[in-house]
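Data block below; observations after.
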Amino acid sequence: VAHMQGNDLDDVWQLEDFASKHFKSQKKGAFGSKISIREMLQWQKGALKRGLLENTSKQGANIFKLIQSFMGDRPHKEKDDMLLVQQLLDLAIIKEAKKETRDEIYCQVVKQITLNPSEASIYKGWDLMCICIQYFPPSEILEPHLHKWLIARQSDKNDKIPEYSKFCLRKIPKILAEGSRGRVPDVNELKGLVDAPFKQPVFGVSLEEIMEAQKALDTNAKLPIVLTTLAKAVLDLQGHQTEGIFRVPGDTAHVTNLKIQIENGDYSCAHLDDPHIPGSLLKLWMRELAEPIIPCELYDDAIEAAKNDDERAAAALIKRMASLNQKVLFFVIEYLREVAQPENVPKTKMSINNLAMVFAPNFLRCPSEDPSVIFNTQKHQQTYVKHLITSLTKEDLNLDDSS
């Protein structure tokens with residue numbers, strides 16, 4: 001084998017138990033000898049006559065053609081191989097898509113990466129895995145096996161593979177929580193995603209990780225550059241005088257393109273002409289933080305302060321947060337006060353109450369998954385954020401003078 005993942009041949013079969021229960025038995029040769037599970041789970045050069053899973057026969061064969069073509073193991077006529085990815089995503093995220101179809105794609109990508117003799121093909125397979133994991137989830141049955149397979153790839157001797165794996169492991173919780181994306185991305189969006197595992201993380205990670213990663217850009221920055229950049233862009237585009245700012249969503253494709261651009265290290269916003277685009281991305285950045293700005297362990301106390309309509313108790317909680325969280329929160333609160341200046345509200349229609357309503361889910365994250373609990377605490381989240389906007393002062397923070 002020209003290229004082998006992991007430390008030995010026994011380190012690549014984390015999907016074997018899943019496959020033994022859910023793969024359809026296949027045969028080969030003139031005498032119809034049964035194909036072993038491990039053979040079904042490793043790279044093959046020829047076509048796949050049917051899908052790996054039960055109930056994915058013909059569609060599974062077509063999926064395999066697309067995957068082989070994208071990975072360079074089969075010739076194709078598309079002018080851009082991202083068109084092949086679009087076709088795959090279309091199968092996985094349309095309303096009628098079944099869990100089996102999504103799992104079939106994941107299993108086939110794992111198969112074609114495993115014991116693949118071509119390093120270039122392996123990298124293309126990982127590119128595909130990283131894209132898929134941002135657009136549709138594996139089933140709850142496949143996910144633990146896929147998770148183990150990704151964990152095992154952390155020990156790969158090829159330096160790039162652990163980075164791919166780490167990226168996928170970081171994205172899985174989000175796609176499981178949110179479900180499939182609502183649309184197939186355009187070709188340029190997909191191309192922007194390819195290098196994401198090797199870029200400094202900006203979205204979906206912790207504040208600490210962001211600050212560590214951005215040292216290469218600005219060692220003196222005391223706040224996440226993405227936060228200050230997007231906040232400034234909204235004001236530069238007169239967002240504080242634009243109706244519905246932070247309530248009206250920006251164009252989805254433009255927001256996604258700006259996100260990809262920033263993830264690739266380009267923070268320029270000079271090309272933007274709509275404040276709703278950086279405004280939407282600012283909220284998305286806050287919402288996607290690995291840990292919310294107001295940590296989960298303070299959630300219940302925050303809700304209690306809101307229920308009691310206690311502004312001082314609401315502010316007192318902030319001192320219990322890490323200094324970085326305090327600085328980020330205070331920046332955003334001061335910023336929202338600027339947007340909510342009395343002279344702006346007649347134009348924006350965004351009062352302090354309105355801003356508290358749209359920003360509350362980005363500051364606080366309800367730990368319960370019970371829809372009724374989430375619904376019943378929404379108003380208290382809004383009250384808490386409103387109290388911060390109206391009453392939080394720098395004296396309420398626990399920071400030294402240099403912060």
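By order of appearance in the structure tokens: chains A, B, ..., then residues from 1 within every chain, and ligands from 1 in the order shown.
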Legend entry - stretch 184-195 of chain A surroundings by only C-alpha atoms, 9 Å radius, close-in-sequence under 3 positions cut, as a list in words: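 Non-adjacent residues within range: Asp80, Met82, Leu83, Val85, Gln86, Gln87, Leu89, Asp90, Ile93, Ile94, Asp127, Leu128, Cys130, Ile131, Tyr135, Arg181, Phe198, Lys199, Ala253, Thr256, Asn257, Ile260, Gln261, Glu263 and Asn264 of chain A.
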Per-residue nearest contacts of stretch 271-351 of chain A to stretch 219-225 of chain A (12 Å; only C-alpha atoms) as a tab-separated table:
residue	atom	partner	partner_atom	distance
A:Leu282	CA	A:Ile225	CA	11.4
A:Trp285	CA	A:Pro224	CA	10.6
A:Met286	CA	A:Pro224	CA	11.0
A:Leu289	CA	A:Pro224	CA	11.8
A:Ser323	CA	A:Lys222	CA	10.6
A:Leu324	CA	A:Leu223	CA	7.8
A:Asn325	CA	A:Leu223	CA	9.5
A:Gln326	CA	A:Leu223	CA	10.5
A:Lys327	CA	A:Leu223	CA	7.3
A:Val328	CA	A:Leu223	CA	6.5
A:Leu329	CA	A:Leu223	CA	10.2
A:Phe330	CA	A:Leu223	CA	10.7
A:Phe331	CA	A:Leu223	CA	8.6
A:Val332	CA	A:Leu223	CA	10.7
Could those residues be written to a file, using N, CA, C and O atoms, as a CSV table (one decimal), in the first residue's frame?
chain,number,residue,atom,x,y,z
A,282,LEU,N,-21.8,39.3,12.2
A,282,LEU,CA,-21.4,39.6,13.6
A,282,LEU,C,-22.3,38.7,14.5
A,282,LEU,O,-21.7,38.1,15.5
A,285,TRP,N,-21.2,35.1,14.2
A,285,TRP,CA,-19.9,34.8,14.9
A,285,TRP,C,-20.2,34.6,16.4
A,285,TRP,O,-19.7,33.7,17.0
A,286,MET,N,-21.0,35.5,17.0
A,286,MET,CA,-21.3,35.3,18.4
A,286,MET,C,-22.0,34.0,18.7
A,286,MET,O,-21.7,33.3,19.6
A,289,LEU,N,-19.8,30.8,18.6
A,289,LEU,CA,-18.7,30.6,19.5
A,289,LEU,C,-18.9,29.2,20.2
A,289,LEU,O,-20.0,28.8,20.6
A,323,SER,N,-11.7,37.3,32.1
A,323,SER,CA,-11.5,38.7,31.7
A,323,SER,C,-11.7,38.9,30.2
A,323,SER,O,-12.3,40.0,29.8
A,324,LEU,N,-11.4,37.9,29.4
A,324,LEU,CA,-11.6,38.1,28.0
A,324,LEU,C,-13.1,38.2,27.7
A,324,LEU,O,-13.5,39.0,26.9
A,325,ASN,N,-13.9,37.3,28.3
A,325,ASN,CA,-15.3,37.4,28.1
A,325,ASN,C,-15.9,38.7,28.5
A,325,ASN,O,-16.8,39.3,27.9
A,326,GLN,N,-15.4,39.3,29.7
A,326,GLN,CA,-15.8,40.6,30.1
A,326,GLN,C,-15.5,41.7,29.1
A,326,GLN,O,-16.4,42.5,28.8
A,327,LYS,N,-14.3,41.6,28.6
A,327,LYS,CA,-14.0,42.7,27.6
A,327,LYS,C,-14.8,42.6,26.3
A,327,LYS,O,-15.2,43.6,25.8
A,328,VAL,N,-15.0,41.4,25.8
A,328,VAL,CA,-15.9,41.2,24.6
A,328,VAL,C,-17.3,41.6,24.9
A,328,VAL,O,-17.9,42.4,24.1
A,329,LEU,N,-17.8,41.2,26.0
A,329,LEU,CA,-19.2,41.6,26.4
A,329,LEU,C,-19.3,43.1,26.5
A,329,LEU,O,-20.3,43.7,25.9
A,330,PHE,N,-18.4,43.7,27.2
A,330,PHE,CA,-18.5,45.2,27.4
A,330,PHE,C,-18.4,45.9,26.1
A,330,PHE,O,-19.1,46.9,25.8
A,331,PHE,N,-17.6,45.4,25.2
A,331,PHE,CA,-17.4,46.1,23.9
A,331,PHE,C,-18.8,46.0,23.1
A,331,PHE,O,-19.2,47.0,22.6
A,332,VAL,N,-19.4,44.8,23.1
A,332,VAL,CA,-20.7,44.7,22.4
A,332,VAL,C,-21.8,45.5,23.0
A,332,VAL,O,-22.5,46.2,22.3
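Near stretch 50-60 of chain A, within 6 Å and counting only C-alpha atoms, sit A:His22, A:Phe23, A:Lys24; same-chain residues fewer than 4 positions away were not included.
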Preceding selection exported with all heavy atoms as a compact mmCIF listing (two decimals), in the first residue's frame:
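What landed in selection-v4.txt:
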# COMPACT_ATOMS: atom_id res chain seq x y z
N HIS A 22 -25.14 -2.79 8.88
CA HIS A 22 -25.94 -1.97 7.98
C HIS A 22 -25.55 -2.05 6.50
O HIS A 22 -26.29 -1.55 5.66
CB HIS A 22 -25.90 -0.51 8.44
CG HIS A 22 -26.40 -0.30 9.83
ND1 HIS A 22 -27.74 -0.32 10.15
CD2 HIS A 22 -25.74 -0.11 11.00
CE1 HIS A 22 -27.88 -0.12 11.45
NE2 HIS A 22 -26.68 0.01 12.00
N PHE A 23 -24.39 -2.64 6.19
CA PHE A 23 -24.02 -2.80 4.78
C PHE A 23 -24.75 -4.00 4.20
O PHE A 23 -24.97 -5.00 4.89
CB PHE A 23 -22.52 -3.01 4.64
CG PHE A 23 -21.70 -1.75 4.66
CD1 PHE A 23 -22.22 -0.56 5.16
CD2 PHE A 23 -20.40 -1.75 4.18
CE1 PHE A 23 -21.47 0.60 5.19
CE2 PHE A 23 -19.63 -0.59 4.20
CZ PHE A 23 -20.16 0.58 4.70
N LYS A 24 -25.10 -3.90 2.93
CA LYS A 24 -25.73 -5.02 2.24
C LYS A 24 -24.63 -5.96 1.75
O LYS A 24 -23.61 -5.52 1.21
CB LYS A 24 -26.55 -4.53 1.05
CG LYS A 24 -27.34 -5.63 0.34
CD LYS A 24 -28.22 -5.05 -0.74
CE LYS A 24 -28.98 -6.13 -1.49
NZ LYS A 24 -29.91 -6.89 -0.61
When you look at stretch 150-162 of chain A with a cut-off of 12 Å (counting only C-alpha atoms), what residues show up, excluding the ones that are within fewer than 2 positions of it in the same chain? I need them as an mmCIF file with N, CA and C atoms, in the first residue's frame.
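See out.cif below for the written result:
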data_model
loop_
_atom_site.group_PDB
_atom_site.id
_atom_site.type_symbol
_atom_site.label_atom_id
_atom_site.label_comp_id
_atom_site.auth_asym_id
_atom_site.auth_seq_id
_atom_site.Cartn_x
_atom_site.Cartn_y
_atom_site.Cartn_z
ATOM 1 N N HIS A 3 0.202 4.450 0.444
ATOM 2 C CA HIS A 3 -0.010 5.394 1.551
ATOM 3 C C HIS A 3 -0.945 4.750 2.541
ATOM 4 N N MET A 4 -0.570 4.799 3.795
ATOM 5 C CA MET A 4 -1.392 4.144 4.816
ATOM 6 C C MET A 4 -1.674 5.117 5.937
ATOM 7 N N GLN A 5 -2.953 5.247 6.302
ATOM 8 C CA GLN A 5 -3.312 6.103 7.401
ATOM 9 C C GLN A 5 -3.039 5.394 8.725
ATOM 10 N N GLY A 6 -2.844 6.209 9.766
ATOM 11 C CA GLY A 6 -2.695 5.624 11.088
ATOM 12 C C GLY A 6 -1.355 4.951 11.255
ATOM 13 N N ASN A 7 -1.221 4.177 12.314
ATOM 14 C CA ASN A 7 0.046 3.543 12.627
ATOM 15 C C ASN A 7 0.158 2.137 12.051
ATOM 16 N N ASP A 8 -0.973 1.489 11.790
ATOM 17 C CA ASP A 8 -0.918 0.152 11.215
ATOM 18 C C ASP A 8 -2.246 -0.153 10.548
ATOM 19 N N LEU A 9 -2.296 -1.298 9.888
ATOM 20 C CA LEU A 9 -3.474 -1.675 9.117
ATOM 21 C C LEU A 9 -4.705 -1.918 9.976
ATOM 22 N N ASP A 10 -4.507 -2.152 11.260
ATOM 23 C CA ASP A 10 -5.651 -2.395 12.135
ATOM 24 C C ASP A 10 -6.251 -1.101 12.677
ATOM 25 N N ASP A 11 -5.690 0.037 12.273
ATOM 26 C CA ASP A 11 -6.109 1.310 12.849
ATOM 27 C C ASP A 11 -7.071 2.081 11.945
ATOM 28 N N VAL A 12 -7.664 1.423 10.959
ATOM 29 C CA VAL A 12 -8.508 2.135 9.996
ATOM 30 C C VAL A 12 -9.927 1.579 9.901
ATOM 31 N N TRP A 13 -10.291 0.701 10.824
ATOM 32 C CA TRP A 13 -11.564 -0.016 10.658
ATOM 33 C C TRP A 13 -12.620 0.367 11.694
ATOM 34 N N GLN A 14 -12.663 1.621 12.068
ATOM 35 C CA GLN A 14 -13.609 2.053 13.100
ATOM 36 C C GLN A 14 -15.074 1.933 12.654
ATOM 37 N N LEU A 15 -15.308 1.839 11.340
ATOM 38 C CA LEU A 15 -16.674 1.686 10.836
ATOM 39 C C LEU A 15 -17.068 0.214 10.652
ATOM 40 N N TYR A 106 -21.157 9.531 3.432
ATOM 41 C CA TYR A 106 -20.076 9.490 4.423
ATOM 42 C C TYR A 106 -19.318 8.163 4.360
ATOM 43 N N VAL A 110 -15.300 7.688 3.409
ATOM 44 C CA VAL A 110 -14.381 6.942 4.285
ATOM 45 C C VAL A 110 -13.748 5.787 3.518
ATOM 46 N N ILE A 113 -11.059 6.976 1.082
ATOM 47 C CA ILE A 113 -9.859 7.494 1.749
ATOM 48 C C ILE A 113 -9.020 6.344 2.302
ATOM 49 N N THR A 114 -9.689 5.315 2.780
ATOM 50 C CA THR A 114 -9.015 4.219 3.485
ATOM 51 C C THR A 114 -8.152 3.373 2.554
ATOM 52 N N GLU A 119 -1.852 9.781 -2.704
ATOM 53 C CA GLU A 119 -1.928 10.844 -1.713
ATOM 54 C C GLU A 119 -2.815 11.984 -2.188
ATOM 55 N N ALA A 120 -2.715 12.328 -3.477
ATOM 56 C CA ALA A 120 -3.536 13.409 -4.032
ATOM 57 C C ALA A 120 -5.015 13.068 -3.926
ATOM 58 N N ILE A 122 -6.383 11.050 -1.716
ATOM 59 C CA ILE A 122 -6.736 11.094 -0.292
ATOM 60 C C ILE A 122 -7.066 12.520 0.133
ATOM 61 N N TYR A 123 -6.245 13.473 -0.279
ATOM 62 C CA TYR A 123 -6.494 14.867 0.080
ATOM 63 C C TYR A 123 -7.827 15.349 -0.479
ATOM 64 N N LYS A 124 -8.135 14.936 -1.705
ATOM 65 C CA LYS A 124 -9.426 15.321 -2.294
ATOM 66 C C LYS A 124 -10.570 14.689 -1.504
ATOM 67 N N GLY A 125 -10.366 13.465 -1.044
ATOM 68 C CA GLY A 125 -11.376 12.805 -0.227
ATOM 69 C C GLY A 125 -11.610 13.552 1.071
ATOM 70 N N TRP A 126 -10.534 14.034 1.679
ATOM 71 C CA TRP A 126 -10.666 14.810 2.915
ATOM 72 C C TRP A 126 -11.309 16.169 2.657
ATOM 73 N N ASP A 127 -10.982 16.775 1.513
ATOM 74 C CA ASP A 127 -11.660 18.025 1.145
ATOM 75 C C ASP A 127 -13.169 17.792 1.113
ATOM 76 N N MET A 129 -14.883 15.366 2.618
ATOM 77 C CA MET A 129 -15.374 15.086 3.968
ATOM 78 C C MET A 129 -15.605 16.397 4.726
ATOM 79 N N CYS A 130 -14.651 17.314 4.638
ATOM 80 C CA CYS A 130 -14.755 18.583 5.364
ATOM 81 C C CYS A 130 -15.914 19.431 4.853
ATOM 82 N N ILE A 133 -19.351 17.709 6.026
ATOM 83 C CA ILE A 133 -19.622 17.815 7.460
ATOM 84 C C ILE A 133 -20.074 19.216 7.860
ATOM 85 N N GLU A 143 -22.956 8.338 13.434
ATOM 86 C CA GLU A 143 -22.093 9.380 14.004
ATOM 87 C C GLU A 143 -21.047 8.878 14.995
ATOM 88 N N PRO A 144 -21.396 8.028 15.987
ATOM 89 C CA PRO A 144 -20.344 7.599 16.926
ATOM 90 C C PRO A 144 -19.220 6.813 16.251
ATOM 91 N N HIS A 145 -19.544 6.060 15.218
ATOM 92 C CA HIS A 145 -18.520 5.293 14.490
ATOM 93 C C HIS A 145 -17.651 6.235 13.663
ATOM 94 N N LEU A 146 -18.286 7.204 13.008
ATOM 95 C CA LEU A 146 -17.537 8.190 12.231
ATOM 96 C C LEU A 146 -16.646 9.011 13.157
ATOM 97 N N HIS A 147 -17.166 9.326 14.325
ATOM 98 C CA HIS A 147 -16.393 10.086 15.308
ATOM 99 C C HIS A 147 -15.136 9.315 15.723
ATOM 100 N N LYS A 148 -15.272 8.017 15.966
ATOM 101 C CA LYS A 148 -14.112 7.194 16.326
ATOM 102 C C LYS A 148 -13.102 7.136 15.188
ATOM 103 N N TYR A 164 -7.086 17.899 8.989
ATOM 104 C CA TYR A 164 -8.405 17.620 8.409
ATOM 105 C C TYR A 164 -9.332 17.033 9.483
ATOM 106 N N SER A 165 -8.806 16.046 10.202
ATOM 107 C CA SER A 165 -9.594 15.353 11.220
ATOM 108 C C SER A 165 -10.045 16.302 12.320
ATOM 109 N N LYS A 166 -9.128 17.135 12.803
ATOM 110 C CA LYS A 166 -9.450 18.087 13.862
ATOM 111 C C LYS A 166 -10.548 19.043 13.418
ATOM 112 N N PHE A 167 -10.480 19.479 12.180
ATOM 113 C CA PHE A 167 -11.492 20.381 11.631
ATOM 114 C C PHE A 167 -12.866 19.709 11.634
ATOM 115 N N CYS A 168 -12.921 18.457 11.165
ATOM 116 C CA CYS A 168 -14.190 17.727 11.120
ATOM 117 C C CYS A 168 -14.759 17.509 12.519
ATOM 118 N N LEU A 169 -13.905 17.161 13.461
ATOM 119 C CA LEU A 169 -14.363 16.942 14.831
ATOM 120 C C LEU A 169 -14.909 18.226 15.450
ATOM 121 N N ARG A 170 -14.365 19.356 15.030
ATOM 122 C CA ARG A 170 -14.842 20.639 15.539
ATOM 123 C C ARG A 170 -16.211 20.992 14.948
ATOM 124 N N LYS A 171 -16.476 20.531 13.728
ATOM 125 C CA LYS A 171 -17.709 20.896 13.031
ATOM 126 C C LYS A 171 -18.878 19.956 13.325
ATOM 127 N N ILE A 172 -18.593 18.729 13.732
ATOM 128 C CA ILE A 172 -19.669 17.737 13.927
ATOM 129 C C ILE A 172 -20.738 18.198 14.916
ATOM 130 N N ASP A 195 -9.627 25.153 1.827
ATOM 131 C CA ASP A 195 -8.449 25.340 2.677
ATOM 132 C C ASP A 195 -8.797 25.620 4.129
ATOM 133 N N PRO A 197 -9.554 23.882 6.787
ATOM 134 C CA PRO A 197 -8.884 23.166 7.892
ATOM 135 C C PRO A 197 -7.488 23.686 8.211
ATOM 136 N N PHE A 198 -6.890 24.439 7.287
ATOM 137 C CA PHE A 198 -5.510 24.893 7.480
ATOM 138 C C PHE A 198 -5.430 26.395 7.746
#
Might you pull out every residue within 7 Å of stretch 307-311 of chain A, with only C-alpha atoms counted and same-chain residues fewer than 5 positions away left off, and present them as a compact mmCIF listing (two decimals) with all heavy atoms, in the first residue's frame?
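Below is the file result15.txt, written as the result:
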# COMPACT_ATOMS: atom_id res chain seq x y z
N HIS A 380 -36.86 36.12 29.40
CA HIS A 380 -35.94 36.43 30.49
C HIS A 380 -34.53 36.71 29.94
O HIS A 380 -33.81 37.56 30.48
CB HIS A 380 -35.90 35.28 31.49
CG HIS A 380 -37.24 34.97 32.09
ND1 HIS A 380 -38.01 35.92 32.72
CD2 HIS A 380 -37.96 33.80 32.14
CE1 HIS A 380 -39.14 35.36 33.14
NE2 HIS A 380 -39.13 34.08 32.80
N HIS A 387 -31.07 44.75 30.59
CA HIS A 387 -30.47 45.30 31.82
C HIS A 387 -29.00 45.64 31.60
O HIS A 387 -28.52 46.66 32.10
CB HIS A 387 -30.61 44.31 32.98
CG HIS A 387 -32.00 44.22 33.54
ND1 HIS A 387 -32.90 45.24 33.45
CD2 HIS A 387 -32.62 43.22 34.23
CE1 HIS A 387 -34.03 44.89 34.05
NE2 HIS A 387 -33.89 43.66 34.52
N SER A 391 -27.67 49.41 32.08
CA SER A 391 -27.06 49.71 33.39
C SER A 391 -25.61 49.26 33.57
O SER A 391 -24.97 49.68 34.55
CB SER A 391 -27.90 49.07 34.50
OG SER A 391 -27.86 47.65 34.41
